[in-house]
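Everything below concerns the one structure shown next.
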Amino acid sequence: MNSKRWAALSLVVIAVGWFAYDAIERKRDDEHVRELMSAQRQRRSVEQAKPSTPTKPPSDMVVSLIPGNVWFVGKYEDGGGIEIPFPPGESPVKSSDETPKHDNPGFVGPDQCRECHQDKYESFLQTAHFKTSRPVNENTIDGKFEPGTNTFQTSDPNMSFEMIREDDEFLQRVKFFDWSFEVPMEIIMGSSKMAQTYLYWHKDRLYQHNVTHITDGDQWINSPGYIDGDAAYARPIPQRCLECHLTYFDYRGNNNQYTPGSLILGVTCERCHGPGQEHVNHHREHKGDREANAIINPAALDRQVQMDICGQCHGGTREMKGDALSFRPGDRLADHYDPPDDEADVKNSVHTSNQLNRLAQSKCFQQSMMTCIDCHDPHHNERGDRALFSSRCMNCHENESDCGHFPQEGITFAENCIDCHMPQRPTEKLRLKSVDGDVFPPLRDHFIRADQLATERFMREQAK
């Protein structure tokens, strides 16, 4: 009897062991299958992200060369579509001609300044001026490039964009019906305060990409002024645009032709101090000379002449009278640029390039000798530091009791003068279109005044 029981018990143990072993093996098999499927999906995502070999548009699409040496690709002759400066079925190519058309007038780039001004150089690298144009790489570009987060769908279901990365190369892929092509993202324009937009080379010409990355919301969106539902990659970048985003470039003509190797990216030292070659040469030869030679210190200039340096790019939309980059610190703005076309519109616009005109309407400016650098240290990144900027207001307004709303329990007015007196607000001048509607990034208004709506909003937020 005992032997039979032991036999039966053994059979039960063996069966239980077998089922347990089988369950473990099945679990392992399932995990292995899931791993294989996951790896397959990852490979598929990588393969989809890889730049494809350029193909010609399908035969049912309209392809035509339109004025300006621009190719149009559409589904219908009178509908939207794609505009590109290179033949459909080909890729843009960068010119190999590095021979400048003009002699460099002495711009050397910020690395040369580093030899003697290490501290200022290091801190300046974090500023918006330095970052206002940069090469595209993994350390500089914003936005997501992983599948599922790297797309932008327009209001046209047949037109979408995909931002992709392949090793060290970043591209925008355009998908139009069943045709697609890629355009490399090569130069960043914008410091990321509001957005980054992107440029690319075709031969020796610079063009803008259709898709921009907007910082607010970390999203991809149409570039400013672009029509939602199109794919416009033929917008040329004129020298006036580069003049406010670069330190130096060799302009070859025809609106957007430049020598690729000539570009000094970012608005750096020499745009405020003047070309530095003579200064660098002198101090390399005279290392003991402690007095600055052959260079301009803007702080030593008369007020209006000093303000004109900033006015090159922060004085409204002005057309050049001559060649780009001909202005030198110490010159008068009116000698190099026409006045804005519509003075009334300029004074009431809050475009990021219009701070000087807005500031000039302020009693703070009119009743003092203040300049831009009374509030802004051009060698340091102080963006968003309301307490720091407010402390500079207090250099003239000595007591926070000067505020008409003082005192209020729990509010230290001297820590934030900015949001009431220089509020952020959107402007029609900066409109970005998307399938969800128009987007107007808010900009800091430099017209200093007691803004009632901004003050009421500030007081409500402080009371929470």
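Every chain in the structure tokens has a letter given in the order shown (A, B, ...), and although residue numbers restart at 1 in each chain, ligands are simply numbered from 1 in the order shown.
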Name all residues at most 6 Å from region 158-170 of chain A (count only C-alpha atoms; drop same-chain ones fewer than 4 positions away) and give them as a CSV table (one decimal) with C-alpha atoms, in the first residue's frame.
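This went into around.csv:
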```
chain,number,residue,atom,x,y,z
A,49,ALA,CA,14.3,57.0,-40.3
A,50,LYS,CA,17.3,56.5,-42.6
A,145,PHE,CA,13.6,62.9,-33.4
A,150,ASN,CA,9.1,63.7,-34.6
A,151,THR,CA,6.2,64.4,-37.0
A,152,PHE,CA,4.2,67.4,-38.0
A,153,GLN,CA,0.9,66.9,-39.7
A,154,THR,CA,-0.5,69.8,-41.7
A,174,VAL,CA,8.5,65.7,-46.7
A,175,LYS,CA,5.7,63.3,-47.3
A,176,PHE,CA,3.3,64.3,-50.1
A,177,PHE,CA,0.8,61.6,-51.1
A,184,PRO,CA,19.3,68.4,-44.5
A,185,MET,CA,19.1,70.7,-41.5
```
Can you list every residue of region 121-238 of chain A that has an atom at most 8 Å from region 82-99 of chain A, with its nearest atom pair and the distance in Å to one decimal, using only C-alpha atoms, ordered by chain then number, as CSV?
```
residue,atom,partner,partner_atom,distance
A:Phe181,CA,A:Gly89,CA,7.8
A:Glu182,CA,A:Ser91,CA,7.4
A:Val183,CA,A:Pro92,CA,7.0
A:Trp201,CA,A:Lys94,CA,5.3
A:His202,CA,A:Pro92,CA,4.8
A:Lys203,CA,A:Ser95,CA,4.1
A:Asp204,CA,A:Ser95,CA,5.1
A:Asp230,CA,A:Ile82,CA,6.1
A:Ala231,CA,A:Ile82,CA,4.7
A:Ala232,CA,A:Glu83,CA,5.0
A:Tyr233,CA,A:Ile84,CA,5.0
A:Ala234,CA,A:Ile84,CA,4.8
```
Can those selected residues be exported to a file as a PDB file, in the first residue's frame so that it contains C-alpha atoms?
```
ATOM      1  CA  PHE A 181      12.205  63.420 -50.120  1.00  0.00           C
ATOM      2  CA  GLU A 182      14.671  64.750 -47.519  1.00  0.00           C
ATOM      3  CA  VAL A 183      16.366  68.095 -46.937  1.00  0.00           C
ATOM      4  CA  TRP A 201      22.664  74.899 -48.621  1.00  0.00           C
ATOM      5  CA  HIS A 202      21.978  74.188 -52.253  1.00  0.00           C
ATOM      6  CA  LYS A 203      25.204  74.949 -54.085  1.00  0.00           C
ATOM      7  CA  ASP A 204      26.232  78.372 -52.729  1.00  0.00           C
ATOM      8  CA  ASP A 230       2.335  73.466 -48.402  1.00  0.00           C
ATOM      9  CA  ALA A 231       5.979  72.426 -48.313  1.00  0.00           C
ATOM     10  CA  ALA A 232       8.057  75.508 -49.124  1.00  0.00           C
ATOM     11  CA  TYR A 233      11.795  74.869 -49.270  1.00  0.00           C
ATOM     12  CA  ALA A 234      12.707  77.603 -51.734  1.00  0.00           C
TER      13      ALA A 234
END
```
| Residue list (strand (DSSP E), DSSP) for region 190-438 of chain A, as a VMD selection string | chain A and resid 195 to 202 205 to 208 211 to 214 219 to 222 231 to 232 235 to 236 246 to 248 251 to 253 257 to 258 264 to 265 424 to 425
| From the set A:Gly68, A:Gly106, A:Pro378, A:Gly266, which residue has the shortest atom-to-atom contact distance to Arg235 (chain A), counting only C-alpha atoms? | A:Gly68
| query | Which is closer to Ile237 (chain A) than all the others in A:Gln208, A:Ser223, A:Ser362, A:Asn395, using only C-alpha atoms? | reply |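 Among the listed residues, A:Gln208 lies closest to Ile237 (chain A).
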| Taking into account only C-alpha atoms, which residue in the set A:Cys364, A:Ala195, A:Cys372, A:Cys417 is nearest to Cys396 (chain A)? |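 The shortest atom-to-atom distance to Cys396 (chain A) comes from A:Cys364.
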| field | Residue contacts of region 239-241 of chain A (10 Å, only C-alpha atoms) excluding same-chain residues fewer than 5 positions away, as a list in words | value |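 The neighbour list is Met189, Leu246, Phe249, Asp250, Tyr251, Arg252, Gly253, Asn255, Asn256, Gln257, Tyr258, Cys313, Thr317, Arg318, Glu319, Met320, Asp323, Ala324 and Leu325 of chain A.
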| message | Just checking: using only C-alpha atoms, which residue out of A:Thr371, A:Ser391, A:Asp178, A:Trp71 ends up closest to Ser59 (chain A)? | response |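 Among A:Thr371, A:Ser391, A:Asp178, A:Trp71, it is A:Asp178 that comes nearest to Ser59 (chain A).
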| query | Mind pulling up the distance from CA of Ser390 (chain A) to CA of Glu415 (chain A)? | reply |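 CA of Glu415 (chain A) sits 5.9 Å away from CA of Ser390 (chain A).
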Region 241-358 of chain A residues near region 447-457 of chain A within 9 Å, closest pair each, using only C-alpha atoms, as JSON lines:
```
{"residue": "A:Gln355", "atom": "CA", "partner": "A:Phe447", "partner_atom": "CA", "distance": 7.8}
{"residue": "A:Leu356", "atom": "CA", "partner": "A:Phe447", "partner_atom": "CA", "distance": 9.0}
{"residue": "A:Asn357", "atom": "CA", "partner": "A:Phe447", "partner_atom": "CA", "distance": 8.3}
{"residue": "A:Arg358", "atom": "CA", "partner": "A:Phe447", "partner_atom": "CA", "distance": 4.6}
```
| request: Tell me, in Å to one decimal, how far CA of Ala360 (chain A) is from CA of Cys310 (chain A). | output: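 So the two atoms, CA of Ala360 (chain A) and CA of Cys310 (chain A), lie 12.9 Å apart.
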| field | Coordinates-based distance that separates CA of Pro110 (chain A) from CA of Val267 (chain A) (Å, one decimal) | value |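 Distance between the two atoms: 9.6 Å.
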Go through region 206-283 of chain A residue by residue and, counting only C-alpha atoms, keep those with an atom at most 10 Å from region 294-305 of chain A; for each kept residue give the shortest atom pair and its distance in Å to one decimal, ordered by chain and increasing number, as JSON lines.
```
{"residue": "A:Glu270", "atom": "CA", "partner": "A:Ile295", "partner_atom": "CA", "distance": 8.9}
{"residue": "A:Cys272", "atom": "CA", "partner": "A:Pro298", "partner_atom": "CA", "distance": 6.9}
{"residue": "A:His273", "atom": "CA", "partner": "A:Ile296", "partner_atom": "CA", "distance": 4.7}
{"residue": "A:Gly274", "atom": "CA", "partner": "A:Ile295", "partner_atom": "CA", "distance": 6.3}
{"residue": "A:Pro275", "atom": "CA", "partner": "A:Ile295", "partner_atom": "CA", "distance": 7.7}
{"residue": "A:Gly276", "atom": "CA", "partner": "A:Ile295", "partner_atom": "CA", "distance": 6.7}
{"residue": "A:Gln277", "atom": "CA", "partner": "A:Ala294", "partner_atom": "CA", "distance": 8.8}
{"residue": "A:Glu278", "atom": "CA", "partner": "A:Ala294", "partner_atom": "CA", "distance": 6.2}
{"residue": "A:His279", "atom": "CA", "partner": "A:Ala294", "partner_atom": "CA", "distance": 4.8}
{"residue": "A:Val280", "atom": "CA", "partner": "A:Ala294", "partner_atom": "CA", "distance": 8.7}
{"residue": "A:Asn281", "atom": "CA", "partner": "A:Ala294", "partner_atom": "CA", "distance": 9.6}
{"residue": "A:His282", "atom": "CA", "partner": "A:Ala294", "partner_atom": "CA", "distance": 8.0}
{"residue": "A:His283", "atom": "CA", "partner": "A:Ala294", "partner_atom": "CA", "distance": 9.6}
```
